[in-house]
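File shown: upload39.txt. Contents: compact mmCIF, C-alpha atoms.
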# COMPACT_ATOMS: atom_id res chain seq x y z
CA TYR A 14 2.23 22.37 0.18
CA PRO A 15 4.95 21.12 2.56
CA MET A 16 3.93 17.46 2.15
CA GLY A 17 3.92 17.58 -1.66
CA PHE A 18 1.23 16.38 -4.03
CA GLY A 19 1.28 12.67 -3.20
CA LYS A 20 -2.42 12.68 -2.30
CA LEU A 21 -3.24 13.21 -5.99
CA ASP A 22 -1.81 9.75 -6.63
CA THR A 23 -3.96 8.40 -3.81
CA LEU A 24 -7.09 10.07 -5.19
CA GLY A 25 -6.40 8.46 -8.56
CA MET A 26 -6.93 5.04 -6.98
CA PHE A 27 -10.65 5.66 -6.45
CA PRO A 28 -11.75 5.94 -10.12
CA VAL A 29 -9.48 3.02 -11.05
CA SER A 30 -10.97 0.81 -8.32
CA ALA A 31 -14.46 1.93 -9.35
CA LEU A 32 -13.77 0.91 -12.97
CA LEU A 33 -12.50 -2.49 -11.80
CA MET A 34 -15.65 -3.09 -9.75
CA PHE A 35 -17.87 -1.81 -12.58
CA GLY A 36 -16.16 -4.08 -15.11
CA SER A 37 -16.34 -7.09 -12.79
CA PHE A 38 -20.06 -6.49 -12.28
CA HIS A 39 -20.71 -6.63 -16.00
CA ILE A 40 -18.53 -9.75 -16.40
CA VAL A 41 -20.56 -11.53 -13.71
CA LYS A 42 -23.85 -10.26 -15.14
CA SER A 43 -23.00 -11.44 -18.66
CA SER A 44 -21.73 -14.79 -17.37
CA MET A 45 -24.89 -15.34 -15.32
CA SER A 46 -26.98 -14.64 -18.41
CA LYS A 47 -25.00 -17.17 -20.46
CA LEU A 48 -25.18 -19.73 -17.68
CA SER A 49 -28.95 -19.27 -17.51
CA MET A 50 -29.21 -19.85 -21.27
CA VAL A 51 -27.17 -23.04 -20.99
CA ALA A 52 -29.28 -24.27 -18.05
CA THR A 53 -32.53 -23.69 -19.94
CA SER A 54 -31.12 -25.33 -23.09
CA ALA A 55 -31.62 -22.10 -25.01
CA SER A 56 -30.15 -21.80 -28.48
CA VAL A 57 -26.59 -20.58 -28.65
CA MET A 58 -24.71 -18.96 -31.49
CA THR A 59 -22.75 -21.18 -33.83
CA MET A 60 -19.00 -20.47 -33.76
CA HIS A 61 -17.26 -20.05 -37.10
CA MET A 62 -13.48 -20.48 -37.54
CA PRO A 63 -12.83 -21.48 -33.89
CA TYR A 64 -9.10 -22.04 -34.38
CA LEU A 65 -8.58 -18.53 -35.72
CA ALA A 66 -10.54 -17.20 -32.77
CA MET A 67 -8.34 -19.18 -30.38
CA ALA A 68 -5.17 -17.78 -32.00
CA VAL A 69 -6.41 -14.19 -31.72
CA VAL A 70 -7.42 -14.68 -28.09
CA ILE A 71 -4.04 -16.20 -27.18
CA ILE A 72 -2.18 -13.27 -28.78
CA SER A 73 -4.42 -10.80 -26.93
CA LEU A 74 -3.87 -12.64 -23.64
CA CYS A 75 -0.08 -12.57 -24.01
CA VAL A 76 0.02 -8.87 -24.96
CA LYS A 77 -2.23 -7.81 -22.07
CA GLU A 78 -0.30 -9.92 -19.58
CA TRP A 79 2.98 -8.35 -20.81
CA LEU A 80 1.49 -4.86 -20.43
CA TYR A 81 0.38 -5.76 -16.90
CA ARG A 82 3.84 -6.95 -15.89
CA ILE A 83 5.73 -3.90 -17.17
CA THR A 84 3.15 -1.52 -15.71
CA VAL A 85 3.11 -3.13 -12.27
CA LYS A 86 6.92 -3.22 -12.31
CA ALA A 87 7.01 0.53 -12.94
CA GLY A 88 4.42 1.09 -10.20
CA LYS A 89 6.46 -0.84 -7.65
CA GLU A 90 9.69 0.86 -8.74
CA TYR A 91 8.23 4.33 -8.20
CA ASN A 92 5.99 3.20 -5.31
CA SER A 93 2.91 4.48 -7.16
CA ASN A 94 -0.30 2.71 -6.15
CA VAL A 95 -2.35 4.35 -8.90
CA THR A 96 0.05 2.92 -11.51
CA ILE A 97 -0.27 -0.52 -9.92
CA ALA A 98 -4.05 -0.17 -9.91
CA ASN A 99 -3.96 0.86 -13.56
CA ALA A 100 -1.91 -2.23 -14.32
CA TRP A 101 -4.85 -4.32 -13.18
CA HIS A 102 -6.83 -2.96 -16.14
CA HIS A 103 -4.44 -4.90 -18.36
CA ARG A 104 -4.71 -7.93 -16.09
CA THR A 105 -8.53 -7.64 -16.34
CA ASP A 106 -8.29 -7.74 -20.14
CA ALA A 107 -5.95 -10.73 -19.86
CA TYR A 108 -8.45 -12.53 -17.64
CA SER A 109 -11.24 -11.71 -20.08
CA SER A 110 -9.16 -13.18 -22.92
CA PHE A 111 -8.52 -16.27 -20.81
CA ILE A 112 -12.26 -16.65 -20.21
CA ALA A 113 -12.91 -16.30 -23.92
CA LEU A 114 -10.26 -18.97 -24.62
CA LEU A 115 -11.91 -21.34 -22.15
CA GLY A 116 -15.24 -20.64 -23.76
CA ILE A 117 -13.92 -21.46 -27.22
CA VAL A 118 -12.25 -24.65 -25.99
CA GLY A 119 -15.34 -25.61 -24.01
CA TYR A 120 -17.56 -25.03 -27.02
CA ASN A 121 -15.40 -27.31 -29.17
CA VAL A 122 -15.47 -30.16 -26.64
CA GLY A 123 -19.11 -29.67 -25.72
CA TRP A 124 -18.70 -27.97 -22.34
CA THR A 125 -20.80 -24.91 -23.03
CA SER A 126 -21.12 -24.00 -19.34
CA LEU A 127 -17.35 -23.66 -18.83
CA ASP A 128 -17.14 -20.10 -20.21
CA PRO A 129 -19.86 -18.51 -18.01
CA PHE A 130 -18.73 -20.38 -14.91
CA CYS A 131 -15.14 -19.11 -15.24
CA GLY A 132 -16.52 -15.64 -15.97
CA ILE A 133 -18.34 -15.57 -12.63
CA VAL A 134 -15.21 -16.68 -10.73
CA VAL A 135 -12.94 -14.14 -12.42
CA GLY A 136 -15.51 -11.34 -12.07
CA ALA A 137 -15.79 -11.97 -8.34
CA TYR A 138 -11.99 -11.96 -8.03
CA LEU A 139 -11.68 -8.65 -9.89
CA PHE A 140 -14.39 -7.13 -7.68
CA LYS A 141 -12.35 -8.09 -4.62
CA ILE A 142 -9.27 -6.41 -6.12
CA GLY A 143 -11.27 -3.24 -6.75
CA VAL A 144 -12.49 -3.23 -3.15
CA ASP A 145 -8.94 -3.76 -1.87
CA PHE A 146 -7.62 -0.80 -3.89
CA PHE A 147 -10.50 1.38 -2.67
CA LYS A 148 -9.73 0.42 0.93
CA MET A 149 -6.01 1.11 0.45
CA GLY A 150 -6.71 4.54 -1.04
CA LEU A 151 -9.11 5.43 1.77
CA GLU A 152 -6.57 4.42 4.43
CA GLN A 153 -3.86 6.52 2.78
CA LEU A 154 -6.22 9.47 2.45
CA LEU A 155 -6.98 9.27 6.18
CA ASP A 156 -3.24 8.98 7.02
CA LYS A 157 -3.36 5.53 8.54
CA ASN A 158 0.03 4.05 9.42
CA SER A 159 1.33 1.97 6.52
CA PRO A 160 1.85 -1.51 8.06
CA THR A 161 4.63 -2.58 5.69
CA HIS A 162 6.63 0.64 5.94
CA TYR A 163 5.95 0.90 9.69
CA ALA A 164 7.51 -2.51 10.28
CA LEU A 165 10.48 -1.64 8.07
CA VAL A 166 11.14 1.68 9.85
CA THR A 167 10.85 -0.04 13.24
CA LYS A 168 13.41 -2.65 12.15
CA LEU A 169 15.85 -0.01 10.88
CA LEU A 170 15.56 2.06 14.06
CA SER A 171 16.24 -1.00 16.21
CA GLU A 172 19.54 -1.44 14.36
CA CYS A 173 20.75 2.10 15.14
CA ASP A 174 23.38 2.34 17.88
CA GLY A 175 22.64 4.68 20.78
CA ILE A 176 18.85 4.51 20.33
CA ASN A 177 17.03 3.05 23.35
CA GLY A 178 13.67 2.66 21.67
CA THR A 179 11.10 4.85 19.98
CA ASN A 180 8.07 6.83 20.99
CA GLU A 181 5.19 8.14 18.85
CA LEU A 182 6.28 6.53 15.60
CA ILE A 183 4.15 7.69 12.66
CA VAL A 184 4.72 6.26 9.18
CA THR A 185 2.16 7.36 6.58
CA GLN A 186 2.08 7.00 2.81
CA SER A 187 1.06 9.78 0.43
CA GLY A 188 1.03 8.36 -3.07
CA GLN A 189 4.57 7.25 -3.86
CA TYR A 190 6.07 9.14 -0.91
CA ILE A 191 6.55 8.14 2.73
CA HIS A 192 6.32 10.54 5.68
CA VAL A 193 8.03 9.56 8.94
CA ASN A 194 7.72 11.28 12.31
CA VAL A 195 9.41 9.61 15.26
CA GLU A 196 10.69 10.37 18.75
CA VAL A 197 13.82 8.38 19.58
CA LYS A 198 14.93 7.75 23.15
CA VAL A 199 18.52 8.74 24.00
CA GLN A 200 20.54 8.69 27.22
CA GLU A 201 20.36 11.87 29.30
CA HIS A 202 24.11 12.09 29.83
CA LEU A 203 24.86 12.60 26.13
CA GLN A 204 26.14 15.95 24.89
CA MET A 205 24.27 17.90 22.23
CA THR A 206 26.93 17.05 19.63
CA GLU A 207 26.58 13.35 20.41
CA VAL A 208 22.79 13.53 20.16
CA GLN A 209 23.04 15.35 16.84
CA GLN A 210 25.39 12.67 15.54
CA LEU A 211 22.90 9.97 16.54
CA LEU A 212 20.10 11.81 14.75
CA ASP A 213 22.24 12.17 11.62
CA ASP A 214 23.00 8.45 11.69
CA VAL A 215 19.29 7.61 12.02
CA LYS A 216 18.34 9.90 9.11
CA THR A 217 21.12 8.52 6.93
CA LYS A 218 20.01 4.94 7.59
CA LEU A 219 16.37 5.69 6.80
CA TYR A 220 17.10 7.76 3.70
CA SER A 221 19.48 5.11 2.34
CA CYS A 222 16.79 2.41 2.41
CA ASP A 223 15.66 1.77 -1.17
CA ALA A 224 12.28 0.44 -0.02
CA LEU A 225 11.45 3.79 1.60
CA ASN A 226 10.88 6.75 -0.70
CA ILE A 227 10.94 9.25 2.18
CA GLN A 228 9.88 12.80 1.39
CA HIS A 229 9.41 14.11 4.94
CA LEU A 230 11.44 12.87 7.91
CA ALA A 231 11.31 14.29 11.44
CA VAL A 232 13.43 12.68 14.15
CA ILE A 233 13.02 14.17 17.63
CA PRO A 234 15.28 13.12 20.53
CA VAL A 235 13.80 12.58 23.99
CA VAL A 236 15.48 11.54 27.24
CA SER A 237 14.81 7.84 27.69
CA HIS A 238 14.64 7.82 31.49
CA VAL A 239 11.92 10.51 31.49
CA TYR A 240 9.62 8.36 29.39
CA ASP A 241 10.49 5.27 31.41
CA GLN A 242 9.33 7.02 34.59
CA GLU A 243 6.19 8.31 32.93
CA GLU A 244 5.36 4.79 31.76
CA CYS A 245 5.76 3.60 35.35
CA GLY A 246 3.30 6.23 36.57
CA TYR A 247 5.75 8.75 38.05
CA GLU A 248 5.02 12.47 37.90
CA HIS A 249 7.74 15.06 37.57
CA THR A 250 7.53 18.11 39.84
CA HIS A 251 9.73 21.08 39.13
CA GLU A 252 10.37 23.11 42.28
CA ASN A 253 10.65 26.87 41.92
CA PRO A 254 14.20 27.93 42.90
CA ASN A 255 12.85 31.19 44.35
CA LYS A 256 10.70 29.27 46.83
CA THR A 257 13.73 27.21 47.82
CA ALA A 258 15.68 30.38 48.49
CA ASP A 259 12.81 31.77 50.62
CA LYS A 260 12.80 28.59 52.71
CA ASN A 261 16.52 28.91 53.31
CA VAL A 262 16.10 32.52 54.46
CA GLU A 263 13.39 31.51 56.89

Could you show the structure in this file as structure tokens?
Amino acid sequence: YPMGFGKLDTLGMFPVSALLMFGSFHIVKSSMSKLSMVATSASVMTMHMPYLAMAVVIISLCVKEWLYRITVKAGKEYNSNVTIANAWHHRTDAYSSFIALLGIVGYNVGWTSLDPFCGIVVGAYLFKIGVDFFKMGLEQLLDKNSPTHYALVTKLLSECDGINGTNELIVTQSGQYIHVNVEVKVQEHLQMTEVQQLLDDVKTKLYSCDALNIQHLAVIPVVSHVYDQEECGYEHTHENPNKTADKNVE
């Protein structure tokens, strides 16, 4: 497994996103049912000890929000999307507690439709988050270029001395790891030792970037003027030296 096991992290995003979408569906379904009861003036349950309920909900909201923040911080630190997706489970519980708090407050002031209305809004928002995580996991699984890391690598390469541009830049993400394959254009008059020094400088600059957790890095040098001619539509013909010698004999 030369590329490591980063895809396991990517695969873990799919069940997490599915749970988010499943939970959001039930939040919307329950909220629609409550809203229908309010609209039809159906009887609602009487709330006992509302202030105690508000205190419990506020404590639950704070704890879940704290768990979300420390989990998402760890996910960003280790560049783990599945950890970030898991953090949204805590944020979902925090949103649910917030909805319950609004419902309690709305019940006390007579706004019985406030709870189900907020539930529909939050449920739709959580469904969007689940879809976004599913899309992100699918793109990583299919090795699509990571836009954020691609832009960062391009910026770092442009700052390297002796590099006249890039060709075939590939920056993919596999879980918490980044894989980079790039062809850098160098001048044709450079010696092999000079080219090797340029490549070492490029690798050092990319590896030293804290925002890039690079596991695989391949930097291939190419002569810049060759690619410039190919881009202009020129074709290179290599004449056989034996044929040249035969012409001279004739």

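Distances to Val236 (chain A) were evaluated for A:Glu207, A:Glu201, A:Asp214, A:Glu172 using all atoms listed in the file, and the minimum falls at A:Glu201.
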
Nearby residues (all atoms listed in the file) at most 12 Å from region 167-169 of chain A, same-chain spacing under 6 positions excluded, as a ChimeraX atom specification: /A:159-161,176,178-184,193-197,214-222,224-225

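Closest approach to Ala100 (chain A) among A:Ser46, A:Ser171, A:Gln209, A:Thr84: A:Thr84, based on all atoms listed in the file.
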
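Of the listed residues (A:Cys75, A:Ala164, A:Val118, A:Ile191), A:Ile191 comes nearest to Ser93 (chain A); the distances count only C-alpha atoms.
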
Listing only residues of region 116-232 of chain A within 10 Å of region 108-111 of chain A, what is the closest atom pair and its distance in Å (to one decimal) for each, using all atoms listed in the file, sorted by chain and residue number ascending, as JSON lines?
{"residue": "A:Gly116", "atom": "CA", "partner": "A:Phe111", "partner_atom": "CA", "distance": 8.5}
{"residue": "A:Ile117", "atom": "CA", "partner": "A:Phe111", "partner_atom": "CA", "distance": 9.9}
{"residue": "A:Asp128", "atom": "CA", "partner": "A:Phe111", "partner_atom": "CA", "distance": 9.5}
{"residue": "A:Cys131", "atom": "CA", "partner": "A:Phe111", "partner_atom": "CA", "distance": 9.1}
{"residue": "A:Gly132", "atom": "CA", "partner": "A:Ser109", "partner_atom": "CA", "distance": 7.8}
{"residue": "A:Val135", "atom": "CA", "partner": "A:Tyr108", "partner_atom": "CA", "distance": 7.1}
{"residue": "A:Gly136", "atom": "CA", "partner": "A:Tyr108", "partner_atom": "CA", "distance": 9.1}
{"residue": "A:Leu139", "atom": "CA", "partner": "A:Tyr108", "partner_atom": "CA", "distance": 9.2}

Selection: 9 Å around Ser73 (chain A), all atoms listed in the file, excl. self and same-chain fewer than 5 positions, as a ChimeraX atom specification: /A:68,78,106-107,110

Using C-alpha atoms, can you write the selected residues to a file as a short mmCIF file (atom, residue, chain, number, x, y, z; two decimals), in the coordinates of the input?
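Output contents, as saved in again.cif:
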data_model
loop_
_atom_site.label_atom_id
_atom_site.label_comp_id
_atom_site.auth_asym_id
_atom_site.auth_seq_id
_atom_site.Cartn_x
_atom_site.Cartn_y
_atom_site.Cartn_z
CA ALA A 68 -5.17 -17.78 -32.00
CA GLU A 78 -0.30 -9.92 -19.58
CA ASP A 106 -8.29 -7.74 -20.14
CA ALA A 107 -5.95 -10.73 -19.86
CA SER A 110 -9.16 -13.18 -22.92
#
